[in-house]
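Enquirer: Below is the file my_file_23.txt, which contains compact mmCIF, C-alpha atoms.
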# COMPACT_ATOMS: atom_id res chain seq x y z
CA MET T 1 -124.10 -23.65 59.09
CA LEU T 2 -125.06 -22.90 55.50
CA LEU T 3 -124.50 -25.46 52.75
CA GLY T 4 -123.69 -24.51 49.18
CA VAL T 5 -122.78 -26.03 45.84
CA ASN T 6 -120.06 -25.10 43.36
CA VAL T 7 -121.84 -25.43 40.00
CA PRO T 8 -119.63 -26.14 36.93
CA ASN T 9 -119.99 -23.13 34.63
CA PHE T 10 -117.58 -24.65 32.11
CA GLY T 11 -117.02 -27.77 30.04
CA PRO T 12 -118.38 -29.31 26.83
CA GLY T 13 -121.69 -30.37 28.34
CA THR T 14 -122.48 -27.02 29.90
CA THR T 15 -125.16 -24.94 28.19
CA PRO T 16 -127.59 -22.24 29.34
CA ALA T 17 -130.27 -24.92 29.75
CA VAL T 18 -127.96 -27.10 31.86
CA LEU T 19 -126.99 -24.15 34.05
CA ARG T 20 -130.68 -23.36 34.56
CA ASP T 21 -131.34 -26.98 35.53
CA TRP T 22 -128.39 -26.90 37.92
CA ALA T 23 -129.77 -23.79 39.60
CA ARG T 24 -133.27 -25.15 39.96
CA THR T 25 -132.00 -28.50 41.21
CA VAL T 26 -129.67 -27.01 43.81
CA GLU T 27 -132.34 -24.61 45.05
CA GLY T 28 -134.97 -27.32 44.98
CA LEU T 29 -132.82 -29.62 47.12
CA GLY T 30 -132.71 -26.91 49.78
CA PHE T 31 -129.10 -25.76 49.51
CA ASP T 32 -128.32 -22.23 50.67
CA LEU T 33 -125.70 -21.10 48.15
CA LEU T 34 -124.99 -21.55 44.45
CA MET T 35 -121.47 -20.56 43.43
CA VAL T 36 -119.50 -20.54 40.15
CA SER T 37 -115.86 -20.21 39.15
CA ASP T 38 -113.99 -17.61 37.11
CA HIS T 39 -111.70 -17.56 34.10
CA VAL T 40 -111.63 -14.93 31.37
CA SER T 41 -109.32 -16.42 28.76
CA VAL T 42 -109.27 -20.21 28.42
CA THR T 43 -105.54 -20.50 27.78
CA PRO T 44 -103.96 -23.98 27.57
CA ASP T 45 -103.14 -24.10 31.30
CA VAL T 46 -106.76 -23.25 32.14
CA ALA T 47 -108.21 -25.64 29.55
CA GLU T 48 -106.37 -28.59 31.12
CA GLN T 49 -108.62 -28.27 34.17
CA TYR T 50 -111.58 -26.16 33.06
CA PRO T 51 -112.25 -26.56 29.33
CA ALA T 52 -114.37 -24.27 27.18
CA PRO T 53 -117.02 -23.10 27.00
CA PHE T 54 -116.47 -21.07 30.17
CA TYR T 55 -119.40 -18.89 31.21
CA GLU T 56 -118.30 -15.60 32.79
CA PRO T 57 -119.47 -15.53 36.43
CA PHE T 58 -121.20 -12.13 36.66
CA THR T 59 -123.13 -12.75 33.46
CA THR T 60 -124.03 -16.28 34.52
CA LEU T 61 -125.11 -15.36 38.03
CA SER T 62 -127.19 -12.43 36.78
CA TRP T 63 -129.11 -14.81 34.55
CA LEU T 64 -129.45 -17.46 37.25
CA ALA T 65 -130.77 -14.81 39.64
CA GLY T 66 -133.78 -14.59 37.36
CA VAL T 67 -134.53 -18.32 37.45
CA THR T 68 -134.12 -18.71 41.22
CA GLU T 69 -135.93 -17.14 44.16
CA ARG T 70 -134.13 -17.55 47.47
CA ILE T 71 -130.69 -19.13 47.01
CA THR T 72 -127.61 -16.96 47.58
CA LEU T 73 -125.33 -16.60 44.55
CA GLY T 74 -121.57 -16.25 44.60
CA THR T 75 -118.13 -16.56 43.05
CA THR T 76 -115.67 -19.22 44.14
CA VAL T 77 -113.54 -17.43 43.34
CA LEU T 78 -113.40 -14.30 41.19
CA ILE T 79 -109.79 -13.82 40.07
CA ALA T 80 -109.31 -10.32 41.40
CA PRO T 81 -106.39 -9.07 39.22
CA TYR T 82 -108.25 -9.73 35.95
CA ARG T 83 -110.66 -6.78 36.19
CA HIS T 84 -110.53 -3.13 37.16
CA PRO T 85 -111.68 -2.73 40.79
CA LEU T 86 -114.35 -0.15 39.92
CA LEU T 87 -115.77 -2.45 37.26
CA VAL T 88 -116.00 -5.27 39.82
CA ALA T 89 -117.56 -2.89 42.33
CA ARG T 90 -120.22 -1.86 39.81
CA MET T 91 -120.99 -5.37 38.55
CA ALA T 92 -121.18 -6.82 42.05
CA ALA T 93 -123.37 -3.99 43.32
CA ASN T 94 -125.73 -4.31 40.36
CA LEU T 95 -125.95 -8.09 40.69
CA SER T 96 -126.63 -7.79 44.40
CA GLU T 97 -129.42 -5.28 43.81
CA LEU T 98 -130.95 -7.19 40.89
CA SER T 99 -130.98 -10.43 42.89
CA GLY T 100 -132.46 -8.90 46.02
CA GLY T 101 -129.22 -8.89 48.01
CA ARG T 102 -128.31 -12.51 47.25
CA LEU T 103 -124.61 -12.13 46.47
CA VAL T 104 -121.36 -13.33 48.03
CA LEU T 105 -118.16 -12.11 46.36
CA GLY T 106 -115.43 -14.71 46.71
CA VAL T 107 -112.04 -13.46 45.48
CA GLY T 108 -108.60 -14.97 44.92
CA VAL T 109 -105.24 -14.13 43.35
CA GLY T 110 -105.31 -16.69 40.51
CA TRP T 111 -102.75 -19.25 39.35
CA ALA T 112 -102.80 -19.53 35.50
CA ARG T 113 -99.65 -17.79 34.24
CA GLN T 114 -100.65 -18.04 30.58
CA GLU T 115 -104.00 -16.42 31.31
CA PHE T 116 -102.28 -13.55 33.12
CA GLU T 117 -100.03 -13.09 30.09
CA ALA T 118 -103.00 -13.14 27.69
CA LEU T 119 -104.71 -10.42 29.74
CA GLY T 120 -101.56 -8.32 30.12
CA VAL T 121 -101.62 -8.57 33.92
CA PRO T 122 -98.30 -9.02 35.78
CA PHE T 123 -98.40 -12.40 37.52
CA HIS T 124 -95.92 -11.33 40.21
CA ARG T 125 -98.22 -8.50 41.34
CA ARG T 126 -101.36 -10.63 41.74
CA GLY T 127 -101.33 -10.48 45.55
CA LYS T 128 -100.97 -6.70 45.68
CA LEU T 129 -103.60 -6.27 42.96
CA THR T 130 -106.02 -8.43 44.93
CA ASP T 131 -105.49 -6.35 48.07
CA GLU T 132 -106.06 -3.17 46.07
CA LEU T 133 -109.23 -4.54 44.54
CA ILE T 134 -110.79 -5.49 47.88
CA THR T 135 -109.91 -2.11 49.39
CA THR T 136 -111.20 -0.17 46.38
CA VAL T 137 -114.40 -2.18 46.09
CA ARG T 138 -115.24 -1.63 49.73
CA ALA T 139 -114.58 2.11 49.40
CA ALA T 140 -116.73 2.34 46.26
CA TRP T 141 -119.61 0.59 47.96
CA GLN T 142 -119.72 3.39 50.53
CA ASP T 143 -120.99 5.63 47.73
CA GLU T 144 -124.79 5.60 47.80
CA GLY T 145 -124.82 5.57 44.01
CA TYR T 146 -123.65 1.95 44.01
CA ARG T 147 -126.55 0.78 46.22
CA ALA T 148 -124.38 -2.21 47.10
CA GLY T 149 -125.78 -3.08 50.51
CA ALA T 150 -123.80 -5.53 52.62
CA ILE T 151 -122.00 -7.79 50.16
CA PRO T 152 -119.77 -10.31 51.98
CA ILE T 153 -116.25 -10.82 50.63
CA TRP T 154 -114.76 -14.30 51.00
CA VAL T 155 -111.00 -14.56 50.48
CA GLY T 156 -109.63 -17.76 48.96
CA GLY T 157 -106.20 -19.35 49.31
CA GLN T 158 -104.11 -21.31 51.81
CA SER T 159 -100.80 -19.40 51.81
CA ASP T 160 -99.85 -17.15 54.70
CA GLY T 161 -100.40 -14.18 52.39
CA ALA T 162 -103.93 -15.36 51.64
CA LEU T 163 -104.65 -15.95 55.32
CA ARG T 164 -103.44 -12.45 56.23
CA ARG T 165 -105.58 -11.05 53.39
CA ALA T 166 -108.64 -12.82 54.80
CA ILE T 167 -107.88 -11.50 58.29
CA ARG T 168 -107.20 -7.90 57.22
CA LEU T 169 -109.64 -7.43 54.37
CA GLY T 170 -112.17 -10.25 54.19
CA ASP T 171 -115.39 -11.22 55.90
CA ALA T 172 -114.48 -14.91 55.62
CA TRP T 173 -111.66 -17.28 54.72
CA HIS T 174 -112.57 -19.56 51.82
CA PRO T 175 -110.02 -22.39 51.35
CA LEU T 176 -110.51 -24.92 48.56
CA ARG T 177 -110.44 -28.75 48.56
CA GLN T 178 -108.29 -29.42 51.60
CA THR T 179 -107.50 -32.71 53.33
CA PRO T 180 -108.62 -33.14 56.96
CA ASP T 181 -105.01 -32.65 58.12
CA GLY T 182 -104.54 -29.71 55.75
CA TRP T 183 -107.66 -28.04 57.13
CA ARG T 184 -106.51 -28.42 60.73
CA GLU T 185 -103.02 -27.13 59.92
CA SER T 186 -104.34 -24.15 57.98
CA LEU T 187 -106.89 -23.34 60.67
CA THR T 188 -104.15 -23.33 63.29
CA ARG T 189 -102.06 -20.98 61.14
CA LEU T 190 -105.10 -18.74 60.62
CA LYS T 191 -105.68 -18.49 64.37
CA ASN T 192 -102.00 -17.76 65.03
CA LEU T 193 -101.88 -15.07 62.35
CA THR T 194 -105.13 -13.58 63.67
CA ALA T 195 -103.48 -13.23 67.08
CA GLU T 196 -100.43 -11.62 65.44
CA GLU T 197 -102.62 -9.15 63.58
CA GLN T 198 -104.68 -8.50 66.71
CA ARG T 199 -107.88 -8.78 64.71
CA PRO T 200 -111.01 -10.92 64.96
CA LEU T 201 -110.99 -14.36 63.36
CA PRO T 202 -112.68 -14.14 59.95
CA GLY T 203 -115.62 -16.39 59.18
CA LEU T 204 -114.80 -19.91 58.01
CA THR T 205 -116.36 -20.88 54.67
CA PRO T 206 -114.44 -23.78 53.10
CA ARG T 207 -115.17 -25.33 49.72
CA ILE T 208 -114.72 -29.09 49.84
CA LEU T 209 -114.82 -31.88 47.29
CA LEU T 210 -117.92 -34.08 47.03
CA ARG T 211 -117.06 -37.60 45.90
CA LEU T 212 -119.17 -40.41 47.33
CA THR T 213 -117.77 -43.93 47.42
CA GLU T 214 -119.13 -47.32 48.48
CA GLU T 215 -116.09 -48.14 50.62
CA PRO T 216 -114.31 -45.88 53.13
CA VAL T 217 -111.41 -43.84 51.74
CA PRO T 218 -108.31 -43.75 54.02
CA ASP T 219 -106.13 -40.95 52.61
CA ARG T 220 -108.58 -38.43 51.30
CA ARG T 221 -109.72 -34.85 51.01
CA LEU T 222 -112.63 -33.46 52.99
CA GLY T 223 -115.90 -34.48 51.34
CA GLU T 224 -114.44 -37.63 49.81
CA GLY T 225 -115.52 -41.12 50.88
CA THR T 226 -118.67 -42.84 52.08
CA ILE T 227 -121.74 -40.82 52.97
CA GLU T 228 -120.85 -41.44 56.62
CA GLN T 229 -117.39 -39.95 56.11
CA VAL T 230 -118.79 -36.92 54.30
CA VAL T 231 -121.40 -36.27 56.97
CA GLU T 232 -118.71 -36.62 59.65
CA ASP T 233 -116.63 -34.04 57.77
CA LEU T 234 -119.55 -31.62 57.82
CA HIS T 235 -120.05 -32.19 61.54
CA ARG T 236 -116.33 -31.56 62.12
CA LEU T 237 -116.35 -28.36 60.10
CA ARG T 238 -119.40 -27.10 61.94
CA ALA T 239 -117.74 -27.89 65.28
CA ASP T 240 -114.69 -25.93 64.12
CA GLY T 241 -116.92 -22.91 63.60
CA ALA T 242 -117.55 -23.03 59.85
CA ARG T 243 -120.21 -20.52 58.87
CA ALA T 244 -120.78 -22.14 55.48
CA VAL T 245 -119.47 -25.12 53.50
CA VAL T 246 -119.58 -25.28 49.71
CA LEU T 247 -119.68 -28.76 48.14
CA ASP T 248 -117.77 -29.17 44.88
CA PRO T 249 -119.05 -32.20 42.91
CA PHE T 250 -116.79 -31.73 39.85
CA LEU T 251 -114.21 -34.53 39.94
CA GLY T 252 -112.00 -33.33 37.10
CA ASP T 253 -113.22 -35.13 33.96
CA PRO T 254 -114.77 -32.72 31.41
CA ALA T 255 -117.09 -35.56 30.30
CA GLU T 256 -118.86 -35.19 33.66
CA THR T 257 -120.47 -32.01 32.37
CA HIS T 258 -122.51 -34.12 29.92
CA HIS T 259 -124.09 -36.00 32.84
CA PRO T 260 -124.91 -33.52 35.64
CA GLU T 261 -127.51 -35.94 37.02
CA VAL T 262 -124.65 -37.94 38.60
CA ALA T 263 -123.64 -34.92 40.68
CA TRP T 264 -127.29 -34.13 41.43
CA HIS T 265 -127.75 -37.63 42.82
CA ALA T 266 -124.72 -37.22 45.09
CA LEU T 267 -126.01 -33.86 46.34
CA ALA T 268 -129.47 -35.32 46.96
CA THR T 269 -127.89 -38.18 48.92
CA VAL T 270 -126.05 -35.74 51.16
CA ARG T 271 -129.17 -33.64 51.76
CA LYS T 272 -131.26 -36.71 52.55
CA GLU T 273 -128.73 -38.02 55.04
CA LEU T 274 -128.37 -34.64 56.74
CA LEU T 275 -132.13 -34.29 57.06
CA ARG T 276 -132.34 -37.83 58.45
CA LYS T 277 -129.83 -36.87 61.11
CA ASP T 278 -131.51 -33.52 61.84
CA PHE T 279 -128.40 -31.63 60.73
CA PRO T 280 -129.34 -27.93 60.97
Could you write out this file's structure as structure tokens?
Expert:
Amino acid sequence: MLLGVNVPNFGPGTTPAVLRDWARTVEGLGFDLLMVSDHVSVTPDVAEQYPAPFYEPFTTLSWLAGVTERITLGTTVLIAPYRHPLLVARMAANLSELSGGRLVLGVGVGWARQEFEALGVPFHRRGKLTDELITTVRAAWQDEGYRAGAIPIWVGGQSDGALRRAIRLGDAWHPLRQTPDGWRESLTRLKNLTAEEQRPLPGLTPRILLRLTEEPVPDRRLGEGTIEQVVEDLHRLRADGARAVVLDPFLGDPAETHHPEVAWHALATVRKELLRKDFP
């Protein structure tokens, strides 16, 4: 099972130098994936959770490809309706080639109504637009001129529509920040819908919170609690067949971006404990 990190590419403390240090730290700790988020227009609804500056993911990952050597780069998730499918196909193909094939394209439908309005994209069509983007991107990549190679597409979301999208069009299902019970319920729905669709089960690549505490947390999300609880979560996800797990150390306070060393320490603690327990 691969382990990744969702790196904050937003917030008042985020700068090119900080992003470079994030990339080198995550790669240096031995993680397998480095992923960033996506917003185009930081409208008020976006700013409440992800304040400016917000570094555009393709630009950011292209630069980080040049300061890393082996780590896989990805989006968690690219908001599919915001860009023309052929533009996404070209940018993703170029980034994959420039990085030596180190790209995962995570996609989702988006949630910020004000951002949709600012971009002139109909919010009610976001699901259909996402389906069209995935289909068009895959078709474009068949053209040798794109030189895309095999770029995996991870599909985010927990709704039945998102699960069906992952089954029909994705290489993996990429849910975000679930509770242990929420994960089990969603996984059961995914398996039932897979049987309905008569298709193979997509890969499982959840993104989970990373918040370490001194005392055990009773009602919590995956990745939240003592180091023992977090490691147990990772064991559980691996037993459930997860192909990759992305740790998300951003806890929601923009001030955190001024002190990335706190998140780095938490990530180092997880890596040390996994190595101590011979976690592959």
Enquirer: Hey, can you check how far atom CA of Arg165 of chain T sits from atom CA of Gly127 of chain T?
Expert: 8.9 Å
Enquirer: Name the closest residue to Arg70 of chain T among the candidates T:Arg199, T:Arg83, T:Arg24, T:Arg102; distances are taken between atoms, counting all atoms listed in the file.
Expert: T:Arg102
Enquirer: Excluding segment 259-271 of chain T and any residue of its chain fewer than 5 positions from it, enumerate the residues within 7 Å of it, using only C-alpha atoms, and give them as a PyMOL selection string.
Expert: chain T and resi 29+212+227+249
Enquirer: Could you check the closest approach to Ala80 of chain T for each of T:Lys272, T:Arg177, T:Arg126, T:Lys277 and tell me which residue wins, using all atoms listed in the file?
Expert: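 The answer is T:Arg126, which sits nearest to Ala80 of chain T.
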Enquirer: Give the padded box for segment 41-44 of chain T as AutoDock Vina command-line options: axis-aligned, covering all atoms listed in the file, 3 Å on each side, centre and edge lengths in Å to one decimal.
Expert:
--center_x -106.6 --center_y -20.2 --center_z 28.2 --size_x 11.4 --size_y 13.6 --size_z 7.2
Enquirer: Just the number, please: distance in Å from atom CA of Thr188 of chain T to atom CA of Arg238 of chain T, one decimal.
Expert: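 Between atom CA of Thr188 of chain T and atom CA of Arg238 of chain T the gap is 15.8 Å.
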Enquirer: At what distance in Å, to one decimal, does atom CA of Gly161 of chain T lie from atom CA of Gly203 of chain T?
Expert: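 These atoms are spaced 16.8 Å apart.
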Enquirer: Would you kindly return, as a list in words, each protein, DNA or RNA residue with an atom no farther than 9 Å from any atom of Val137 of chain T, considering all atoms listed in the file and excluding same-chain residues fewer than 5 positions away?
Expert: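 In the requested form, the answer reads Pro85, Leu86, Leu87, Val88, Ala89, Arg90, Glu132 and Gln142 of chain T.
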Enquirer: With distances taken over all atoms listed in the file, which residue among T:Asp32, T:Met1, T:His84, T:Gly170 lies nearest Ala242 of chain T?
Expert: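 Looking only at the distances to Ala242 of chain T, the closest residue turns out to be T:Met1.
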Enquirer: Hey, which of T:Val40, T:Met35, T:Leu64, T:Leu103 ends up closest to Ala17 of chain T? Count all atoms listed in the file.
Expert: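 Checking each of T:Val40, T:Met35, T:Leu64, T:Leu103 against Ala17 of chain T, counting all atoms listed in the file, the winner is T:Leu64.
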Enquirer: Excluding Gly157 of chain T and residues on its chain fewer than 3 positions from it, collect all residues at most 9 Å away from it, counting only C-alpha atoms, and give them as a list in words.
Expert: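 Contacts, in chain order: Gly108, Val109, Asp160, Gly161, Ala162, Leu163, Ala166, Trp173, His174, Pro175 and Leu176 of chain T.
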Enquirer: Give the answer as one residue: which of T:Thr68, T:Gln49, T:Thr60, T:Asn9 has the shortest atom-to-atom distance to Asp253 of chain T, using only C-alpha atoms?
Expert: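 Closest residue, counting only C-alpha atoms: T:Gln49.
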Enquirer: Of the candidates T:Ala172, T:Arg164, T:Pro44, T:Leu33, which one gets nearest to Arg189 of chain T if we count all atoms listed in the file?
Expert: T:Arg164
Enquirer: Within 9 Å of Ala23 of chain T, counting only C-alpha atoms, which residues show up once you throw out same-chain ones fewer than 3 positions away? Write them as a list of chain:residue names, please.
Expert: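 That gives T:Val7, T:Val18, T:Leu19, T:Arg20, T:Val26, T:Glu27, T:Gly28, T:Leu34, T:Leu64, T:Val67, T:Thr68, T:Ile71.
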Enquirer: Can you list, as a ChimeraX atom specification, every protein, DNA or RNA residue that comes within 12 Å of Asp219 of chain T when you count all atoms listed in the file, leaving out same-chain residues fewer than 6 positions away?
Expert: /T:178-182,225,229
Enquirer: Would you mind completing segment 43-63 of chain T so that it carries N, CA, C and O atoms, and writing it out as a compact mmCIF listing (two decimals), in the coordinates of the input?
Expert:
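Below is the file part23.txt, written as the result:
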# COMPACT_ATOMS: atom_id res chain seq x y z
N THR T 43 -106.86 -20.18 28.31
CA THR T 43 -105.54 -20.50 27.78
C THR T 43 -105.25 -21.98 28.04
O THR T 43 -105.99 -22.64 28.79
N PRO T 44 -104.20 -22.54 27.41
CA PRO T 44 -103.96 -23.98 27.57
C PRO T 44 -103.86 -24.46 29.02
O PRO T 44 -104.35 -25.55 29.35
N ASP T 45 -103.25 -23.66 29.90
CA ASP T 45 -103.14 -24.10 31.30
C ASP T 45 -104.51 -24.14 31.98
O ASP T 45 -104.77 -25.01 32.82
N VAL T 46 -105.39 -23.22 31.61
CA VAL T 46 -106.76 -23.25 32.14
C VAL T 46 -107.54 -24.43 31.56
O VAL T 46 -108.22 -25.17 32.28
N ALA T 47 -107.42 -24.61 30.24
CA ALA T 47 -108.21 -25.64 29.55
C ALA T 47 -107.91 -27.05 30.05
O ALA T 47 -108.77 -27.93 29.99
N GLU T 48 -106.71 -27.27 30.58
CA GLU T 48 -106.37 -28.59 31.12
C GLU T 48 -107.30 -28.98 32.26
O GLU T 48 -107.58 -30.15 32.47
N GLN T 49 -107.76 -27.99 33.01
CA GLN T 49 -108.62 -28.27 34.17
C GLN T 49 -110.07 -27.83 33.94
O GLN T 49 -110.99 -28.49 34.44
N TYR T 50 -110.25 -26.74 33.22
CA TYR T 50 -111.58 -26.16 33.06
C TYR T 50 -111.80 -25.81 31.58
O TYR T 50 -111.64 -24.66 31.18
N PRO T 51 -112.17 -26.79 30.77
CA PRO T 51 -112.25 -26.56 29.33
C PRO T 51 -113.43 -25.69 28.93
O PRO T 51 -114.42 -25.58 29.66
N ALA T 52 -113.30 -25.09 27.75
CA ALA T 52 -114.37 -24.27 27.18
C ALA T 52 -115.58 -25.15 26.85
O ALA T 52 -115.46 -26.36 26.68
N PRO T 53 -116.76 -24.52 26.76
CA PRO T 53 -117.02 -23.10 27.00
C PRO T 53 -116.95 -22.75 28.48
O PRO T 53 -117.26 -23.59 29.33
N PHE T 54 -116.53 -21.53 28.78
CA PHE T 54 -116.47 -21.07 30.17
C PHE T 54 -117.36 -19.84 30.29
O PHE T 54 -117.10 -18.81 29.68
N TYR T 55 -118.43 -19.97 31.07
CA TYR T 55 -119.40 -18.89 31.21
C TYR T 55 -118.94 -17.91 32.29
O TYR T 55 -118.71 -18.29 33.44
N GLU T 56 -118.80 -16.66 31.90
CA GLU T 56 -118.30 -15.60 32.79
C GLU T 56 -119.22 -15.49 34.01
O GLU T 56 -120.44 -15.50 33.90
N PRO T 57 -118.65 -15.39 35.23
CA PRO T 57 -119.47 -15.53 36.43
C PRO T 57 -120.52 -14.44 36.65
O PRO T 57 -121.65 -14.75 37.04
N PHE T 58 -120.20 -13.17 36.42
CA PHE T 58 -121.20 -12.13 36.66
C PHE T 58 -122.37 -12.27 35.70
O PHE T 58 -123.53 -12.13 36.09
N THR T 59 -122.07 -12.55 34.43
CA THR T 59 -123.13 -12.75 33.46
C THR T 59 -123.99 -13.95 33.83
O THR T 59 -125.23 -13.89 33.81
N THR T 60 -123.33 -15.04 34.18
CA THR T 60 -124.03 -16.28 34.52
C THR T 60 -124.90 -16.10 35.75
O THR T 60 -126.09 -16.49 35.77
N LEU T 61 -124.34 -15.52 36.79
CA LEU T 61 -125.11 -15.36 38.03
C LEU T 61 -126.26 -14.37 37.86
O LEU T 61 -127.32 -14.53 38.49
N SER T 62 -126.08 -13.36 37.03
CA SER T 62 -127.19 -12.43 36.78
C SER T 62 -128.36 -13.16 36.14
O SER T 62 -129.53 -12.92 36.48
N TRP T 63 -128.04 -14.04 35.19
CA TRP T 63 -129.11 -14.81 34.55
C TRP T 63 -129.74 -15.79 35.53
O TRP T 63 -130.97 -15.91 35.60
